[in-house]
>>> print(open('coords.txt').read())   # compact mmCIF, C-alpha atoms
# COMPACT_ATOMS: atom_id res chain seq x y z
CA MET A 19 70.12 104.53 48.90
CA ALA A 20 68.93 103.91 52.47
CA ARG A 21 71.38 104.62 55.29
CA SER A 22 72.76 101.06 55.55
CA GLY A 23 71.97 99.83 52.03
CA VAL A 24 69.10 98.38 50.04
CA PHE A 25 67.43 95.02 49.50
CA LYS A 26 67.20 94.24 45.77
CA LYS A 27 65.59 91.40 43.89
CA THR A 28 68.19 89.61 41.75
CA LEU A 29 67.73 88.11 38.30
CA ALA A 30 67.64 84.69 39.98
CA GLY A 31 64.49 85.74 41.82
CA TYR A 32 65.72 86.06 45.41
CA THR A 33 66.39 89.26 47.38
CA SER A 34 69.97 90.24 48.32
CA PHE A 35 71.23 93.08 50.50
CA PHE A 36 73.52 95.65 48.88
CA PRO A 37 75.32 97.55 51.68
CA ALA A 38 75.97 101.28 51.49
CA PRO A 39 79.61 102.28 51.97
CA LEU A 40 80.90 103.45 55.35
CA PRO A 41 80.68 105.84 57.12
CA PRO A 42 76.89 106.04 57.56
CA GLU A 43 75.07 108.99 56.05
CA PRO A 44 73.71 110.89 57.89
CA PRO A 45 76.70 110.50 60.22
CA ILE A 46 76.62 108.87 63.65
CA ARG A 47 76.38 111.63 66.23
CA LEU A 48 78.67 110.80 69.10
CA GLU A 49 76.88 112.67 71.85
CA GLY A 50 74.93 112.00 75.03
CA GLU A 51 74.87 108.32 76.01
CA LEU A 52 77.01 107.27 73.04
CA GLN A 53 79.70 109.80 73.95
CA LEU A 54 79.74 108.59 77.56
CA LEU A 55 79.92 104.95 76.45
CA HIS A 56 82.78 105.69 74.08
CA SER A 57 84.73 107.48 76.83
CA ALA A 58 84.15 104.57 79.22
CA ALA A 59 85.21 102.01 76.58
CA ASP A 60 88.33 104.03 75.78
CA ARG A 61 89.25 104.16 79.47
CA ALA A 62 88.56 100.42 79.84
CA LEU A 63 91.03 99.57 77.07
CA GLY A 64 93.52 101.99 78.61
CA ALA A 65 93.26 100.09 81.90
CA LEU A 66 94.10 96.83 80.08
CA ASN A 67 97.17 98.46 78.58
CA VAL A 68 98.30 99.56 82.05
CA VAL A 69 97.85 96.03 83.45
CA VAL A 70 100.13 94.62 80.75
CA THR A 71 102.95 96.91 81.92
CA VAL A 72 102.80 95.70 85.54
CA LEU A 73 102.40 91.95 84.92
CA PRO A 74 105.70 90.10 85.48
CA ASN A 75 105.00 87.74 82.57
CA PRO A 76 102.21 89.19 80.41
CA ASP A 77 102.84 86.67 77.61
CA LEU A 78 101.55 83.85 79.81
CA LEU A 79 98.15 85.46 80.33
CA VAL A 80 97.92 86.94 76.84
CA GLY A 81 98.42 83.48 75.34
CA MET A 82 95.68 82.05 77.54
CA PHE A 83 93.29 84.89 76.67
CA ILE A 84 93.92 84.33 72.94
CA GLN A 85 92.93 80.68 73.41
CA LYS A 86 89.84 81.75 75.34
CA GLU A 87 88.79 84.14 72.55
CA ALA A 88 89.42 81.41 69.97
CA LEU A 89 87.21 78.97 71.84
CA LEU A 90 84.38 81.45 72.49
CA SER A 91 84.34 82.72 68.91
CA SER A 92 84.25 79.14 67.63
CA GLN A 93 81.47 78.24 70.09
CA ILE A 94 79.34 81.05 68.64
CA GLU A 95 79.55 79.15 65.34
CA GLY A 96 78.51 75.88 67.01
CA THR A 97 81.84 74.30 67.94
CA GLN A 98 81.31 71.80 70.75
CA SER A 99 84.58 71.79 72.64
CA SER A 100 85.72 72.97 76.06
CA LEU A 101 88.81 74.89 77.11
CA VAL A 102 90.19 71.71 78.68
CA ASP A 103 89.78 69.92 75.31
CA VAL A 104 91.80 72.65 73.63
CA LEU A 105 94.47 72.94 76.34
CA GLY A 106 94.83 69.19 76.47
CA ALA A 107 95.24 68.74 72.70
CA ASP A 108 98.08 66.26 72.20
CA GLU A 109 100.73 67.13 69.62
CA ASP A 110 101.21 63.43 68.92
CA HIS A 111 97.58 62.88 67.97
CA GLU A 112 95.48 64.74 65.43
CA PRO A 113 92.81 66.75 67.27
CA THR A 114 89.09 66.34 66.70
CA ALA A 115 87.47 68.64 64.12
CA ASP A 116 86.09 70.99 66.79
CA VAL A 117 89.38 71.29 68.68
CA GLY A 118 91.26 71.64 65.40
CA GLU A 119 89.09 74.60 64.43
CA VAL A 120 89.88 76.37 67.71
CA ILE A 121 93.60 75.69 67.28
CA ASN A 122 93.38 77.14 63.76
CA TYR A 123 91.77 80.28 65.21
CA VAL A 124 94.72 80.72 67.59
CA LYS A 125 97.13 80.27 64.67
CA ALA A 126 95.16 82.79 62.59
CA MET A 127 95.29 85.35 65.42
CA ARG A 128 99.03 84.86 65.87
CA HIS A 129 99.59 85.09 62.11
CA GLY A 130 97.70 88.38 61.97
CA LEU A 131 99.61 89.81 64.95
CA LYS A 132 102.95 88.82 63.43
CA ARG A 133 102.06 90.46 60.13
CA LEU A 134 100.98 93.69 61.85
CA ARG A 135 103.94 93.85 64.22
CA ALA A 136 107.00 92.06 62.88
CA ASP A 137 106.23 92.66 59.20
CA ASP A 138 104.65 96.11 59.68
CA PHE A 139 101.89 94.99 57.31
CA PRO A 140 98.68 97.05 57.25
CA MET A 141 95.14 95.87 57.86
CA SER A 142 93.91 95.04 54.38
CA LEU A 143 91.87 92.61 52.29
CA ARG A 144 95.09 90.71 51.63
CA LEU A 145 95.69 90.25 55.35
CA LEU A 146 92.10 89.11 55.89
CA ARG A 147 92.55 86.52 53.13
CA GLU A 148 95.77 85.31 54.76
CA ILE A 149 94.00 85.01 58.12
CA HIS A 150 91.14 83.11 56.48
CA GLU A 151 93.62 80.74 54.84
CA VAL A 152 95.12 79.84 58.24
CA LEU A 153 91.71 79.66 59.91
CA MET A 154 90.25 77.29 57.33
CA GLN A 155 93.14 74.80 57.20
CA GLN A 156 91.73 71.32 56.84
CA VAL A 157 91.07 69.50 60.12
CA ARG A 158 90.18 65.85 60.51
CA GLY A 159 86.46 65.32 60.15
CA GLY A 160 85.86 68.92 59.18
CA ALA A 161 84.18 70.25 56.06
CA VAL A 162 86.12 70.15 52.80
CA ASN A 163 86.33 72.56 49.87
CA LEU A 164 86.13 75.67 52.02
CA THR A 165 88.34 77.65 49.57
CA PRO A 166 90.74 78.93 52.26
CA GLY A 167 92.07 82.40 51.53
CA GLU A 168 89.71 83.02 48.62
CA PHE A 169 86.73 85.32 48.40
CA ARG A 170 83.56 83.60 47.28
CA THR A 171 82.54 83.50 43.63
CA MET A 172 78.97 82.33 44.27
CA GLN A 173 76.00 83.54 46.28
CA ASN A 174 75.92 82.53 49.93
CA TRP A 175 73.21 83.01 52.54
CA ILE A 176 72.51 82.77 56.27
CA GLY A 177 69.75 80.51 57.60
CA GLY A 178 67.33 78.51 55.47
CA THR A 179 68.11 76.02 52.73
CA SER A 180 68.53 78.44 49.82
CA PRO A 181 68.63 82.18 49.10
CA ALA A 182 64.87 82.01 48.50
CA ASN A 183 64.05 81.17 52.13
CA ALA A 184 67.19 82.46 53.87
CA ARG A 185 67.20 84.69 56.93
CA PHE A 186 69.72 87.00 55.22
CA VAL A 187 71.31 87.05 51.76
CA PRO A 188 74.56 89.07 51.41
CA PRO A 189 75.41 90.87 48.17
CA PRO A 190 76.04 88.71 45.08
CA PRO A 191 79.71 88.23 44.05
CA GLU A 192 80.06 91.20 41.71
CA ALA A 193 78.46 93.61 44.21
CA MET A 194 80.48 91.94 47.00
CA LEU A 195 83.79 92.84 45.30
CA GLU A 196 82.77 96.47 44.96
CA ALA A 197 81.66 96.54 48.63
CA LEU A 198 84.98 94.99 49.69
CA ASN A 199 86.98 97.63 47.84
CA LEU A 200 85.02 100.37 49.61
CA PHE A 201 85.45 98.48 52.91
CA GLU A 202 89.24 98.51 52.44
CA LEU A 203 89.21 102.23 51.64
CA TYR A 204 87.37 102.87 54.91
CA LEU A 205 89.94 100.78 56.81
CA HIS A 206 92.52 103.42 55.92
CA GLU A 207 90.41 106.57 55.85
CA GLU A 208 90.28 109.02 58.72
CA ASP A 209 86.97 110.67 59.54
CA SER A 210 85.36 112.36 62.51
CA LEU A 211 84.59 109.06 64.24
CA PRO A 212 87.10 107.65 66.77
CA PRO A 213 88.82 104.34 65.91
CA LEU A 214 86.85 102.38 68.51
CA VAL A 215 83.53 103.32 66.88
CA ARG A 216 84.99 102.69 63.42
CA CYS A 217 86.05 99.23 64.60
CA GLY A 218 82.44 98.36 65.44
CA LEU A 219 81.27 99.66 62.06
CA LEU A 220 83.92 97.61 60.24
CA HIS A 221 82.84 94.45 62.04
CA TYR A 222 79.22 95.09 61.07
CA GLN A 223 80.15 95.80 57.44
CA PHE A 224 82.34 92.72 57.14
CA GLU A 225 79.61 90.45 58.50
CA THR A 226 77.12 92.03 56.11
CA ILE A 227 79.34 91.59 53.03
CA HIS A 228 80.08 87.98 54.11
CA PRO A 229 82.89 87.59 51.56
CA PHE A 230 83.94 83.99 52.25
CA ASN A 231 82.15 80.70 51.71
CA ASP A 232 82.63 79.89 55.39
CA GLY A 233 84.36 81.37 58.46
CA ASN A 234 82.98 84.91 58.07
CA GLY A 235 81.88 85.22 61.71
CA ARG A 236 85.26 84.15 63.03
CA VAL A 237 87.24 86.36 60.63
CA GLY A 238 84.97 89.28 61.53
CA ARG A 239 85.70 88.80 65.22
CA LEU A 240 89.44 88.39 64.57
CA LEU A 241 89.20 91.68 62.69
CA VAL A 242 88.07 93.45 65.88
CA THR A 243 91.11 92.41 67.94
CA LEU A 244 93.60 92.94 65.12
CA TYR A 245 92.19 96.37 64.24
CA LEU A 246 92.42 97.53 67.88
CA VAL A 247 96.05 96.34 68.05
CA TRP A 248 96.83 97.92 64.66
CA LYS A 249 95.38 101.27 65.76
CA GLY A 250 97.29 101.18 69.05
CA LEU A 251 94.16 101.01 71.21
CA LEU A 252 95.16 97.61 72.55
CA ASP A 253 98.81 96.87 73.32
CA GLU A 254 98.20 93.12 73.66
CA PRO A 255 95.30 90.96 72.41
CA MET A 256 93.85 90.41 75.89
CA LEU A 257 90.28 91.33 74.96
CA TYR A 258 88.12 88.24 74.45
CA LEU A 259 85.10 90.14 73.13
CA SER A 260 83.45 86.89 72.05
CA ALA A 261 82.59 86.28 75.73
CA TYR A 262 80.13 89.17 75.49
CA LEU A 263 78.92 88.25 72.01
CA LYS A 264 78.29 84.65 73.10
CA ALA A 265 76.48 85.69 76.30
CA HIS A 266 74.26 88.05 74.25
CA GLN A 267 74.22 85.99 71.09
CA GLN A 268 70.64 86.63 70.01
CA GLU A 269 70.99 90.36 70.62
CA TYR A 270 74.28 90.28 68.67
CA TYR A 271 72.47 88.94 65.62
CA ASP A 272 69.43 91.18 66.20
CA ARG A 273 71.55 94.34 66.36
CA LEU A 274 73.31 93.47 63.08
CA THR A 275 69.92 92.79 61.48
CA GLN A 276 68.54 96.05 62.87
CA VAL A 277 71.23 98.02 61.04
CA ARG A 278 70.38 96.32 57.74
CA MET A 279 66.63 96.76 58.19
CA ASP A 280 66.43 100.21 59.80
CA GLY A 281 69.89 101.77 59.42
CA ASN A 282 70.19 101.89 63.22
CA PHE A 283 73.98 102.14 63.50
CA GLU A 284 73.63 103.85 66.88
CA ALA A 285 72.01 100.83 68.58
CA TRP A 286 74.72 98.55 67.17
CA THR A 287 77.47 100.96 68.28
CA ARG A 288 75.97 101.12 71.78
CA PHE A 289 75.92 97.31 71.97
CA PHE A 290 79.51 97.08 70.70
CA LEU A 291 80.88 99.68 73.16
CA GLU A 292 79.02 98.06 76.06
CA GLY A 293 80.74 94.80 75.11
CA ILE A 294 84.18 96.43 75.15
CA ILE A 295 83.50 97.86 78.62
CA GLU A 296 82.07 94.63 80.06
CA VAL A 297 84.82 92.35 78.75
CA SER A 298 87.59 94.76 79.76
CA LYS A 299 86.28 94.57 83.34
CA MET A 300 86.17 90.76 83.07
CA VAL A 301 89.80 90.67 81.88
CA LEU A 302 90.93 92.89 84.77
CA GLU A 303 89.04 90.80 87.32
CA THR A 304 90.35 87.54 85.88
CA THR A 305 93.90 88.91 85.89
CA LYS A 306 93.63 89.93 89.57
CA ARG A 307 92.31 86.49 90.54
CA ILE A 308 95.09 84.73 88.66
CA GLN A 309 97.73 86.94 90.31
CA ALA A 310 96.26 86.13 93.74
CA LEU A 311 96.19 82.41 92.89
CA GLU A 312 99.82 82.54 91.78
CA ARG A 313 100.90 84.21 95.03
CA ASP A 314 99.05 81.64 97.14
CA ASP A 315 100.36 78.66 95.18
CA VAL A 316 103.94 79.96 95.25
CA ASP A 317 103.74 80.06 99.06
CA ARG A 318 102.23 76.57 99.20
CA LEU A 319 104.87 75.07 96.92
CA VAL A 320 107.68 76.64 98.96
CA GLU A 321 106.11 75.26 102.15
CA ALA A 322 105.91 71.83 100.48
CA GLY A 323 109.66 71.97 99.89
CA GLU A 324 109.51 72.29 96.09
CA GLY A 325 111.39 75.61 96.00
CA ALA A 326 112.90 76.75 92.70
CA HIS A 327 111.67 73.75 90.70
CA GLY A 328 108.15 74.33 91.99
CA LEU A 329 108.23 77.97 90.94
CA LYS A 330 109.38 76.98 87.46
CA LEU A 331 106.58 74.45 87.26
CA LEU A 332 103.96 76.97 88.37
CA ARG A 333 105.12 79.47 85.76
CA GLY A 334 104.95 76.77 83.12
CA LEU A 335 101.48 75.65 84.22
CA MET A 336 100.16 79.15 83.63
CA LYS A 337 101.18 78.77 80.01
CA GLN A 338 100.34 75.08 79.66
CA PRO A 339 97.81 74.13 82.38
CA VAL A 340 97.21 70.59 81.10
CA VAL A 341 100.36 68.46 81.35
CA MET A 342 101.79 64.95 81.43
CA ALA A 343 104.77 63.80 83.49
CA ASN A 344 107.26 64.39 80.67
CA ASP A 345 105.92 67.98 80.32
CA VAL A 346 106.51 68.56 84.05
CA ALA A 347 110.06 67.22 83.74
CA LYS A 348 110.76 69.59 80.86
CA ILE A 349 109.08 72.64 82.44
CA ALA A 350 110.71 72.24 85.86
CA GLY A 351 114.07 71.01 84.52
CA VAL A 352 114.02 67.79 86.54
CA SER A 353 114.23 64.05 85.91
CA TYR A 354 111.16 62.01 84.99
CA THR A 355 111.22 60.38 88.44
CA LYS A 356 111.39 63.76 90.20
CA ALA A 357 108.58 65.03 87.94
CA ASN A 358 106.31 62.23 89.15
CA GLU A 359 107.18 63.08 92.76
CA MET A 360 106.31 66.73 92.12
CA ILE A 361 103.01 65.71 90.51
CA ALA A 362 102.16 63.59 93.57
CA THR A 363 102.91 66.57 95.84
CA CYS A 364 100.76 68.87 93.69
CA GLU A 365 97.92 66.32 93.71
CA ARG A 366 98.01 66.17 97.51
CA MET A 367 97.89 69.97 97.61
CA GLY A 368 94.90 69.98 95.24
CA LEU A 369 96.93 72.03 92.77
CA LEU A 370 96.91 69.36 90.06
CA LEU A 371 94.02 67.07 89.21
CA GLN A 372 94.29 63.94 87.05
CA ILE A 373 91.83 64.28 84.16
CA SER A 374 92.68 61.08 82.26
CA LYS A 375 91.77 57.53 83.20
CA GLY A 376 94.19 54.79 84.19
CA ARG A 377 97.88 54.87 85.10
CA ARG A 378 99.41 55.25 81.64
CA ASN A 379 99.92 58.55 79.80
CA ARG A 380 98.23 60.41 82.61
CA LYS A 381 97.12 64.00 82.04
CA PHE A 382 96.90 66.54 84.84
CA MET A 383 95.19 69.92 85.02
CA TYR A 384 96.07 73.01 87.06
CA GLN A 385 92.50 72.96 88.24
CA GLU A 386 91.94 76.27 90.02
CA TYR A 387 93.67 78.21 87.23
CA VAL A 388 91.62 76.47 84.53
CA LYS A 389 88.45 77.07 86.55
CA ILE A 390 89.15 80.82 86.53
CA VAL A 391 90.05 81.15 82.85
CA SER A 392 87.22 78.82 81.73
CA GLU A 393 84.47 81.05 83.09
CA GLY A 394 82.03 81.90 80.29
CA THR A 395 83.21 79.07 78.02
CA GLU A 396 80.86 76.44 79.41
CA LEU A 397 78.81 74.82 76.67
CA GLN A 398 75.16 75.88 76.74
CA LYS A 399 72.10 74.38 75.13
CA GLY A 400 70.11 76.47 72.72
CA GLU A 401 70.75 78.29 69.49
CA LEU A 402 74.33 78.31 68.24
>>> encode(input="coords.txt", output="structure tokens")
Amino acid sequence: MARSGVFKKTLAGYTSFFPAPLPPEPPIRLEGELQLLHSAADRALGALNVVVTVLPNPDLLVGMFIQKEALLSSQIEGTQSSLVDVLGADEDHEPTADVGEVINYVKAMRHGLKRLRADDFPMSLRLLREIHEVLMQQVRGGAVNLTPGEFRTMQNWIGGTSPANARFVPPPPEAMLEALNLFELYLHEEDSLPPLVRCGLLHYQFETIHPFNDGNGRVGRLLVTLYLVWKGLLDEPMLYLSAYLKAHQQEYYDRLTQVRMDGNFEAWTRFFLEGIIEVSKMVLETTKRIQALERDDVDRLVEAGEGAHGLKLLRGLMKQPVVMANDVAKIAGVSYTKANEMIATCERMGLLLQISKGRRNRKFMYQEYVKIVSEGTELQKGEL
């Protein structure tokens, strides 16, 4: 068998890819540039773990970064929604299909983290099925019959209208099950490769097996974050790697294809490690800017006479940056009348911006904060 697997013609007449089990043979040699990249990526994740220990309220930022990862990963699959759409989703109204899919991604991430931490459950095929079940919950206007939580029993394909003219055809169901069993064994094996490199290989292998009818890309990217947390490389899920994968989307697909065609695991590993390094730097920079913004806005609110209530509001806005008057009342612990006065003060300061029309059920956005965390999530034209 070739290093990454073989293309075989099936009885139905089309050609499927049958992946070789991990690790690659001959092995990846972690030396030279790859060794330097791995060391840099390891240090970059270490820096994120240090930042978490010095943040006064890391949960606020971690929650926002999870939402950012959810949006970016969904955008890679063609979801047309913005961070403001997601942050402004109203609990009293069913979200649109696109927003609902992003919300499901956040729920799937949180479900996986709970299972790994609170339940001490291992990374496994069962956990991936659970995550898929949450991810593929029905949303209004979305596709139906997506068999949430179930591995596929039929052939799927990527691109084209059938396996005969597809860009890529994963293994057929019976070969898929065997590949999944070997995938799970590798999840728990220890070999000479460090966990960060193994993480990249597992993402590649999962995308290649493509075990679900839909949602494989998103589950594969969830796998990266959850694996890094499970292995103790990432203390909190602050790494929104999908920012890098979206910005280099064509190369992302090309590198995966290159492994299947040529067995070039090294080029894929290089791309993956470069992504870890780049996004880690982005997270650190974003965190510094948000801390500076918080300091400035605390001073401005105190000067404006809002004092303790203003500080409570600011803390709440970092968790929920799109609010209505009743949200402000609840966050700051004030009356509805006082909440409206605080909103008016924040509007004059340029801290809050009304994003809804009219005078009823007004929605406001913590605009500078959203501007910082939205970077990289802007919708772009082109291939999705």
>>> axis_aligned_box(input="coords.txt", around="segment 200-210 of chain A", padding_each_side="6 Å", output="lines of an AutoDock Vina configuration file")
center_x = 88.8
center_y = 105.4
center_z = 56.1
size_x = 19.5
size_y = 25.9
size_z = 24.9
>>> residues_near_point(input="coords.txt", point="(90.3, 91.1, 72.4)", cutoff="9 Å", atoms="all atoms listed in the file", output="PDB file with C-alpha atoms, in the coordinates of the input")
ATOM      1  CA  PHE A  83      93.290  84.890  76.670  1.00  0.00           C
ATOM      2  CA  ILE A  84      93.920  84.330  72.940  1.00  0.00           C
ATOM      3  CA  GLU A  87      88.790  84.140  72.550  1.00  0.00           C
ATOM      4  CA  ARG A 239      85.700  88.800  65.220  1.00  0.00           C
ATOM      5  CA  LEU A 240      89.440  88.390  64.570  1.00  0.00           C
ATOM      6  CA  VAL A 242      88.070  93.450  65.880  1.00  0.00           C
ATOM      7  CA  THR A 243      91.110  92.410  67.940  1.00  0.00           C
ATOM      8  CA  LEU A 244      93.600  92.940  65.120  1.00  0.00           C
ATOM      9  CA  LEU A 246      92.420  97.530  67.880  1.00  0.00           C
ATOM     10  CA  VAL A 247      96.050  96.340  68.050  1.00  0.00           C
ATOM     11  CA  LEU A 252      95.160  97.610  72.550  1.00  0.00           C
ATOM     12  CA  GLU A 254      98.200  93.120  73.660  1.00  0.00           C
ATOM     13  CA  PRO A 255      95.300  90.960  72.410  1.00  0.00           C
ATOM     14  CA  MET A 256      93.850  90.410  75.890  1.00  0.00           C
ATOM     15  CA  LEU A 257      90.280  91.330  74.960  1.00  0.00           C
ATOM     16  CA  TYR A 258      88.120  88.240  74.450  1.00  0.00           C
ATOM     17  CA  LEU A 259      85.100  90.140  73.130  1.00  0.00           C
ATOM     18  CA  SER A 260      83.450  86.890  72.050  1.00  0.00           C
ATOM     19  CA  ILE A 294      84.180  96.430  75.150  1.00  0.00           C
ATOM     20  CA  VAL A 297      84.820  92.350  78.750  1.00  0.00           C
ATOM     21  CA  SER A 298      87.590  94.760  79.760  1.00  0.00           C
TER      22      SER A 298
END
>>> closest_residue(input="coords.txt", among="A:Thr179, A:Thr165, A:Ser142, A:Asn122", to="Leu205 of chain A", atoms="all atoms listed in the file")
A:Ser142
>>> closest_residue(input="coords.txt", among="A:Met141, A:Val237, A:Met279, A:Ala62", to="Ala20 of chain A", atoms="all atoms listed in the file")
A:Met279
>>> residues_near_point(input="coords.txt", point="(106.3, 62.8, 82.4)", cutoff="8 Å", atoms="only C-alpha atoms", output="ChimeraX atom specification")
/A:342-347,354,357-358
>>> write_last_selection(input="coords.txt", atoms="C-alpha atoms", output="short mmCIF file (atom, residue, chain, number, x, y, z; two decimals), in the coordinates of the input")
data_model
loop_
_atom_site.label_atom_id
_atom_site.label_comp_id
_atom_site.auth_asym_id
_atom_site.auth_seq_id
_atom_site.Cartn_x
_atom_site.Cartn_y
_atom_site.Cartn_z
CA MET A 342 101.79 64.95 81.43
CA ALA A 343 104.77 63.80 83.49
CA ASN A 344 107.26 64.39 80.67
CA ASP A 345 105.92 67.98 80.32
CA VAL A 346 106.51 68.56 84.05
CA ALA A 347 110.06 67.22 83.74
CA TYR A 354 111.16 62.01 84.99
CA ALA A 357 108.58 65.03 87.94
CA ASN A 358 106.31 62.23 89.15
#
